[in-house]
Amino acid sequence: MSKLYAQGWWQRLENTLKHTNGAYGLVLALAVLLFFIGLGSAPVYILDEAKNAQCAREMLLHHNYIVPTFNGELRTDKPVFHYWMMILAYNVFGISPFSARFFSAVAGVLLVGYTYRFARVVYNKQTAFWGCIFLLSALHLSLEMHFAVPDPYFIFFVVAAVFEYYFFYRGGKINDLLLSYVWVALGVLSKGPAAILLVGGIIFFHLLLSKTFTWQRIKQLRLLLGIVIILVIAAPWYLAVDYQTHGLWTKGFFLEHNVGRFTAVKEGHGGFFLLAVIFVIVGLLPFAVWLVPALFTMVRRKTYNPDDLLLLVAAGFITLFFTASQTKLPNYTMPAYPFLALLLARHWVGQPATQFKEKAQWIVYTVIMLLLPIAVYVAVAIEPAIQSLSAVALLFLLLPIGAVVGGMLNKHGLVWGSRLAVAMSFWVTILLFNLFAFPIIYSRNPVQQALAATGNMQQYVAFRSYNPGFNFYLPAAIPVLQDSITLAKYLQQHPDAFVLTRREDLPAMGKQPLTIVSEGKDIFELPVTVVLRPAETGEAITIQ
């Protein structure tokens with residue numbers, strides 16, 4: 001009786017998805033919940049976040065919205081769009097971690113909304129709904145939309161540009177094509193020429209593999225008009241920053257952070273050839289366990305249709321593009337996520353439950369979910385600053401519980417209920433992680449500990465290297481000294497100054513009358529942050 005009741009309830013839900021717009025609102029509400037909850041709870045600390053948030057802060061304080069600087073020095077890592085968004089949020093909400101991350105979360109919500117719209121138009125409401133459910137279940141996506149980095153914007157612009165291209169490909173409406181070029185232009189302002197390479201490569205291979213790569217089709221794309229749109233939107237800032245920095249920003253960005261990252265390993269972020277593929281699979285957990293065999297089935301049996309071809313090409317090209325890159329980071333391949341989520345939804349929707357043979361997938365998934373809390377426990381236990389927080393691993397026990405419940409529902413023929421059980425276990429885990437675990441863990445970082453121990457420091461100086469997280473919480477630029485003689489002279493002139501440095505740089509200080517007031521290993525990093533102050537009369541000096 002209970003099984004019949006559950007099946008009847010599920011049928012009513014299926015009818016709701018087919019015949020109402022409530023699913024769209026549900027998906028958007030879920031995206032807002034997952035991306036905005038806990039947005040400002042954790043301090044700005046992670047390296048990229050600290051530099052991006054502080055760069056936007058400096059641009060705002062100096063009223064220079066063209067040249068990005070960090071600690072008063074030119075920053076050439078990324079273009080300006082995400083700085084502008086942070087500056088806008090700073091003006092509205094004040095300078096804070098929440099403000100720095102606000103538009104990252106907005107970009108995440110827009111990404112989910114655009115993905116639903118695309119799938120609803122090209123496929124149906126069920127595919128749109130489940131594709132977004134799978135996408136929203138990815139812990140990696142939620143984490144990325146909580147960071148003050150350019151990737152959320154870039155992911156949205158690339159995916160939206162591809163979607164709009166396909167709307168034009170199917171319907172021939174010029175407005176769709178023009179909007180696609182606008183999204184590409186904003187992508188260029190977010191992370192540079194990678195937006196053109198990714199979108200252009202996807203379009204090229206889609207036309208090629210769909211056997212529509214003809215001169216007539218090329219003319220329809222109005223490439224010259226597209227170039228004009230991109231130049232009108234993106235070129236003014238690039239020209240302005242080149243002029244104001246005498247070409248230094250242009251040289252640093254294009255040669256070091258584009259060509260350099262693609263052709264050589266930067267900042268230790270290398271890896272074996274297929275690491276980008278591993279990033280995609282891990283990033284799309286939990287449903288990557290089902291995605292991989294689904295893709296093999298679609299390609300081997302050629303069960304994909306012409307609309308699926310775009311998704312296959314987009315996901316494949318993005319992954320292969322960053323496989324070829326010598327610098328490899330998990331966030332690089334994230335634009336592939338919406339395409340892969342929709343592929344899995346398209347593969348599942350419309351098939352009768354009897355067609356699903358998933359015993360192996362459920363076994364693999366359950367084993368992974370059982371191991372995950374253990375892995376979290378070990379990761380926390382080996383970090384000195386957060387060893388006492390190993391109970392955080394208990395939050396991840398919801399995942400094996402979801403695996404067991406999902407497996408039972410699947411065994412009783414409630415296939416879609418089993419998918420929802422898996423998704424819900426991840427949603428609740430994501431919410432708890434962002435609300436409690438992440439803020440508590442990162443409040444133990446050495447920057448926050450040092451600020452608490454020193455009363456936020458009124459005078460300070462850095463010796464050689466230091467944690468950039470300090471900049472966001474200190475009122476002015478941090479002088480950086482490179483040798484012991486200069487440091488000694490500075491301390492004579494500023495007897496109350498605190499010295500920020502890293503443990504590996506202590507020997508280079510020489511004999512200085514300093515004592516350590518705060519010391520801690522950077523969380524999940526190798527350096528040890530040290531803060532010192534001039535020793536008082538009669539106090540034991542710890543630095544010799």
# chains A, B, ... in the order shown; residues from 1 in each chain; ligands from 1

$ residues_around --residues "segment 23-26 of chain A" --least-positions-apart "5" --cutoff "12 Å" --atoms "only C-alpha atoms" --output "PyMOL selection string"
chain A and resi 13-18+31-33+109+112-120+124-133+136

$ closest_residue --among "A:Val280, A:Ala393, A:Leu370, A:Ile196" --to "Phe157 of chain A" --atoms "only C-alpha atoms"
A:Ile196

$ residues_around --residues "segment 407-412 of chain A" --least-positions-apart "6" --cutoff "9 Å" --atoms "only C-alpha atoms" --output "PDB file with C-alpha atoms, in the first residue's frame"
ATOM      1  CA  LYS A   3       4.546   1.698  -2.335  1.00  0.00           C
ATOM      2  CA  GLU A 358      22.145   0.693 -11.931  1.00  0.00           C
ATOM      3  CA  LYS A 359      23.289  -1.843  -9.366  1.00  0.00           C
ATOM      4  CA  TRP A 362      24.667   2.414  -6.543  1.00  0.00           C
ATOM      5  CA  ILE A 363      27.408   0.249  -5.065  1.00  0.00           C
ATOM      6  CA  THR A 366      27.520   4.207  -1.624  1.00  0.00           C
ATOM      7  CA  SER A 418      16.069   7.871  -5.477  1.00  0.00           C
ATOM      8  CA  ARG A 419      17.606  10.719  -7.500  1.00  0.00           C
ATOM      9  CA  ALA A 421      17.101  11.515  -2.122  1.00  0.00           C
TER      10      ALA A 421
END

$ residues_around --residues "Ala375 of chain A" --least-positions-apart "2" --cutoff "12 Å" --atoms "only C-alpha atoms" --output "list in words"
Ile368, Met369, Leu370, Leu371, Leu372, Pro373, Tyr377, Val378, Ala379, Val380, Ala381, Ile382, Ser390, Val392, Ala393, Leu394, Phe396 and Leu397 of chain A

$ atom_distance --atom1 "atom CA of Lys266 of chain A" --atom2 "atom CA of Ile318 of chain A"
19.8 Å

$ closest_residue --among "A:Tyr337, A:Phe253, A:Tyr365, A:Phe322" --to "Gly270 of chain A" --atoms "only C-alpha atoms"
A:Phe322

$ residues_around --residues "Phe321 of chain A" --least-positions-apart "2" --cutoff "10 Å" --atoms "only C-alpha atoms" --output "MDAnalysis selection string"
chainID A and resid 194 197:198 201 262 276 316:319 323:325 332:333

$ residues_around --residues "Phe102 of chain A" --least-positions-apart "3" --cutoff "9 Å" --atoms "only C-alpha atoms" --output "list of chain:residue names"
A:Phe36, A:Leu39, A:Gly40, A:Met85, A:Met86, A:Ala89, A:Pro97, A:Phe98, A:Ser99, A:Ala105, A:Val106, A:Ala107, A:Met145, A:His146, A:Phe147, A:Ala148

$ residues_around --residues "Tyr90 of chain A" --least-positions-apart "6" --cutoff "12 Å" --atoms "only C-alpha atoms" --output "PyMOL selection string"
chain A and resi 53-54+56-61+83-84+96-103

$ select_by_dssp --residues "segment 361-544 of chain A" --states "strand (DSSP E or B)" --output "PyMOL selection string"
chain A and resi 460-463+480-481+498-502+514-521+528-534

$ write_last_selection --atoms "N, CA and C atoms" --output "PDB file, in the first residue's frame"
ATOM      1  N   TYR A 460      52.312  48.507  10.887  1.00  0.00           N
ATOM      2  CA  TYR A 460      52.706  47.177  10.438  1.00  0.00           C
ATOM      3  C   TYR A 460      53.632  47.298   9.242  1.00  0.00           C
ATOM      4  N   VAL A 461      54.393  46.252   9.037  1.00  0.00           N
ATOM      5  CA  VAL A 461      55.302  46.163   7.916  1.00  0.00           C
ATOM      6  C   VAL A 461      55.455  44.676   7.592  1.00  0.00           C
ATOM      7  N   ALA A 462      55.722  44.357   6.355  1.00  0.00           N
ATOM      8  CA  ALA A 462      55.932  42.969   5.960  1.00  0.00           C
ATOM      9  C   ALA A 462      57.399  42.758   5.613  1.00  0.00           C
ATOM     10  N   PHE A 463      57.901  41.590   5.965  1.00  0.00           N
ATOM     11  CA  PHE A 463      59.265  41.231   5.594  1.00  0.00           C
ATOM     12  C   PHE A 463      59.207  40.113   4.561  1.00  0.00           C
ATOM     13  N   VAL A 480      56.505  46.511   2.213  1.00  0.00           N
ATOM     14  CA  VAL A 480      57.176  45.216   2.123  1.00  0.00           C
ATOM     15  C   VAL A 480      58.676  45.460   2.000  1.00  0.00           C
ATOM     16  N   LEU A 481      59.443  44.978   2.977  1.00  0.00           N
ATOM     17  CA  LEU A 481      60.890  45.155   3.015  1.00  0.00           C
ATOM     18  C   LEU A 481      61.580  43.843   2.671  1.00  0.00           C
ATOM     19  N   PHE A 498      54.191  46.160  13.973  1.00  0.00           N
ATOM     20  CA  PHE A 498      54.194  44.702  13.909  1.00  0.00           C
ATOM     21  C   PHE A 498      54.815  44.276  12.574  1.00  0.00           C
ATOM     22  N   VAL A 499      55.473  43.140  12.594  1.00  0.00           N
ATOM     23  CA  VAL A 499      56.133  42.620  11.390  1.00  0.00           C
ATOM     24  C   VAL A 499      55.405  41.366  10.928  1.00  0.00           C
ATOM     25  N   LEU A 500      54.928  41.377   9.695  1.00  0.00           N
ATOM     26  CA  LEU A 500      54.250  40.225   9.098  1.00  0.00           C
ATOM     27  C   LEU A 500      55.244  39.495   8.202  1.00  0.00           C
ATOM     28  N   THR A 501      55.314  38.189   8.354  1.00  0.00           N
ATOM     29  CA  THR A 501      56.239  37.437   7.504  1.00  0.00           C
ATOM     30  C   THR A 501      55.835  35.965   7.486  1.00  0.00           C
ATOM     31  N   ARG A 502      56.678  35.161   6.887  1.00  0.00           N
ATOM     32  CA  ARG A 502      56.496  33.709   6.862  1.00  0.00           C
ATOM     33  C   ARG A 502      57.690  33.066   7.573  1.00  0.00           C
ATOM     34  N   LEU A 514      62.986  41.350  18.234  1.00  0.00           N
ATOM     35  CA  LEU A 514      61.570  41.054  17.981  1.00  0.00           C
ATOM     36  C   LEU A 514      61.139  39.831  18.761  1.00  0.00           C
ATOM     37  N   THR A 515      59.874  39.767  19.052  1.00  0.00           N
ATOM     38  CA  THR A 515      59.303  38.589  19.687  1.00  0.00           C
ATOM     39  C   THR A 515      58.021  38.196  18.963  1.00  0.00           C
ATOM     40  N   ILE A 516      57.767  36.916  18.885  1.00  0.00           N
ATOM     41  CA  ILE A 516      56.597  36.408  18.167  1.00  0.00           C
ATOM     42  C   ILE A 516      55.343  36.601  19.014  1.00  0.00           C
ATOM     43  N   VAL A 517      54.308  37.182  18.404  1.00  0.00           N
ATOM     44  CA  VAL A 517      53.027  37.341  19.098  1.00  0.00           C
ATOM     45  C   VAL A 517      51.944  36.443  18.508  1.00  0.00           C
ATOM     46  N   SER A 518      52.174  35.967  17.290  1.00  0.00           N
ATOM     47  CA  SER A 518      51.189  35.081  16.661  1.00  0.00           C
ATOM     48  C   SER A 518      51.891  34.245  15.607  1.00  0.00           C
ATOM     49  N   GLU A 519      51.554  32.974  15.583  1.00  0.00           N
ATOM     50  CA  GLU A 519      52.161  32.075  14.595  1.00  0.00           C
ATOM     51  C   GLU A 519      51.167  30.977  14.267  1.00  0.00           C
ATOM     52  N   GLY A 520      51.007  30.676  13.002  1.00  0.00           N
ATOM     53  CA  GLY A 520      50.088  29.620  12.611  1.00  0.00           C
ATOM     54  C   GLY A 520      50.264  29.213  11.168  1.00  0.00           C
ATOM     55  N   LYS A 521      50.117  27.929  10.923  1.00  0.00           N
ATOM     56  CA  LYS A 521      50.211  27.410   9.562  1.00  0.00           C
ATOM     57  C   LYS A 521      48.988  27.844   8.767  1.00  0.00           C
ATOM     58  N   VAL A 528      53.863  29.023   6.882  1.00  0.00           N
ATOM     59  CA  VAL A 528      53.490  29.327   8.260  1.00  0.00           C
ATOM     60  C   VAL A 528      53.563  30.840   8.440  1.00  0.00           C
ATOM     61  N   THR A 529      52.444  31.441   8.779  1.00  0.00           N
ATOM     62  CA  THR A 529      52.374  32.891   8.986  1.00  0.00           C
ATOM     63  C   THR A 529      52.868  33.250  10.390  1.00  0.00           C
ATOM     64  N   VAL A 530      53.729  34.249  10.443  1.00  0.00           N
ATOM     65  CA  VAL A 530      54.289  34.694  11.717  1.00  0.00           C
ATOM     66  C   VAL A 530      54.107  36.209  11.838  1.00  0.00           C
ATOM     67  N   VAL A 531      53.681  36.665  13.006  1.00  0.00           N
ATOM     68  CA  VAL A 531      53.576  38.091  13.301  1.00  0.00           C
ATOM     69  C   VAL A 531      54.455  38.369  14.518  1.00  0.00           C
ATOM     70  N   LEU A 532      55.309  39.383  14.398  1.00  0.00           N
ATOM     71  CA  LEU A 532      56.223  39.740  15.471  1.00  0.00           C
ATOM     72  C   LEU A 532      56.035  41.200  15.856  1.00  0.00           C
ATOM     73  N   ARG A 533      56.532  41.561  17.034  1.00  0.00           N
ATOM     74  CA  ARG A 533      56.540  42.962  17.460  1.00  0.00           C
ATOM     75  C   ARG A 533      57.866  43.234  18.151  1.00  0.00           C
ATOM     76  N   PRO A 534      58.269  44.489  18.221  1.00  0.00           N
ATOM     77  CA  PRO A 534      59.499  44.818  18.943  1.00  0.00           C
ATOM     78  C   PRO A 534      59.419  44.372  20.397  1.00  0.00           C
TER      79      PRO A 534
END

$ atom_distance --atom1 "atom CA of Ile430 of chain A" --atom2 "atom CA of Val415 of chain A"
23.1 Å

$ closest_residue --among "A:Ala341, A:Met457, A:Val349, A:Leu34" --to "Pro286 of chain A" --atoms "only C-alpha atoms"
A:Ala341

$ select_by_dssp --residues "segment 207-266 of chain A" --states "alpha helix (DSSP H)" --output "PyMOL selection string"
chain A and resi 207-209+215-220+223-244+248-251+260-263

$ write_last_selection --atoms "C-alpha atoms" --output "short mmCIF file (atom, residue, chain, number, x, y, z; two decimals), in the first residue's frame"
data_model
loop_
_atom_site.label_atom_id
_atom_site.label_comp_id
_atom_site.auth_asym_id
_atom_site.auth_seq_id
_atom_site.Cartn_x
_atom_site.Cartn_y
_atom_site.Cartn_z
CA LEU A 207 28.98 23.05 -37.06
CA LEU A 208 31.63 20.59 -38.22
CA LEU A 209 30.18 17.52 -36.49
CA TRP A 215 29.67 29.16 -46.29
CA GLN A 216 26.01 30.04 -45.98
CA ARG A 217 26.03 29.18 -42.28
CA ILE A 218 29.22 31.16 -41.72
CA LYS A 219 27.64 34.21 -43.32
CA GLN A 220 24.60 33.83 -41.08
CA LEU A 223 31.30 37.28 -37.63
CA LEU A 224 32.30 40.83 -38.52
CA LEU A 225 29.35 42.19 -36.56
CA GLY A 226 30.31 39.92 -33.66
CA ILE A 227 33.86 41.27 -33.69
CA VAL A 228 32.51 44.82 -33.62
CA ILE A 229 30.25 44.05 -30.65
CA ILE A 230 33.09 42.44 -28.71
CA LEU A 231 35.43 45.35 -29.47
CA VAL A 232 32.86 48.00 -28.55
CA ILE A 233 32.17 46.37 -25.18
CA ALA A 234 35.60 45.04 -24.18
CA ALA A 235 38.23 47.05 -26.04
CA PRO A 236 37.77 50.44 -24.30
CA TRP A 237 38.90 49.12 -20.94
CA TYR A 238 41.77 47.08 -22.42
CA LEU A 239 43.01 50.16 -24.29
CA ALA A 240 42.61 52.37 -21.22
CA VAL A 241 44.52 50.05 -18.88
CA ASP A 242 47.24 49.58 -21.50
CA TYR A 243 47.60 53.34 -21.84
CA GLN A 244 47.58 54.09 -18.12
CA LEU A 248 52.73 46.72 -18.39
CA TRP A 249 49.27 45.32 -17.63
CA THR A 250 48.84 44.08 -21.21
CA LYS A 251 52.22 42.37 -21.20
CA GLY A 260 52.27 31.38 -19.75
CA ARG A 261 49.53 29.44 -17.94
CA PHE A 262 48.64 27.45 -21.03
CA THR A 263 52.19 26.51 -22.01
#

$ closest_residue --among "A:Leu143, A:Val313, A:Cys55, A:Ala160" --to "Lys78 of chain A" --atoms "only C-alpha atoms"
A:Cys55

$ atom_distance --atom1 "atom CA of Glu256 of chain A" --atom2 "atom CA of Leu186 of chain A"
21.4 Å
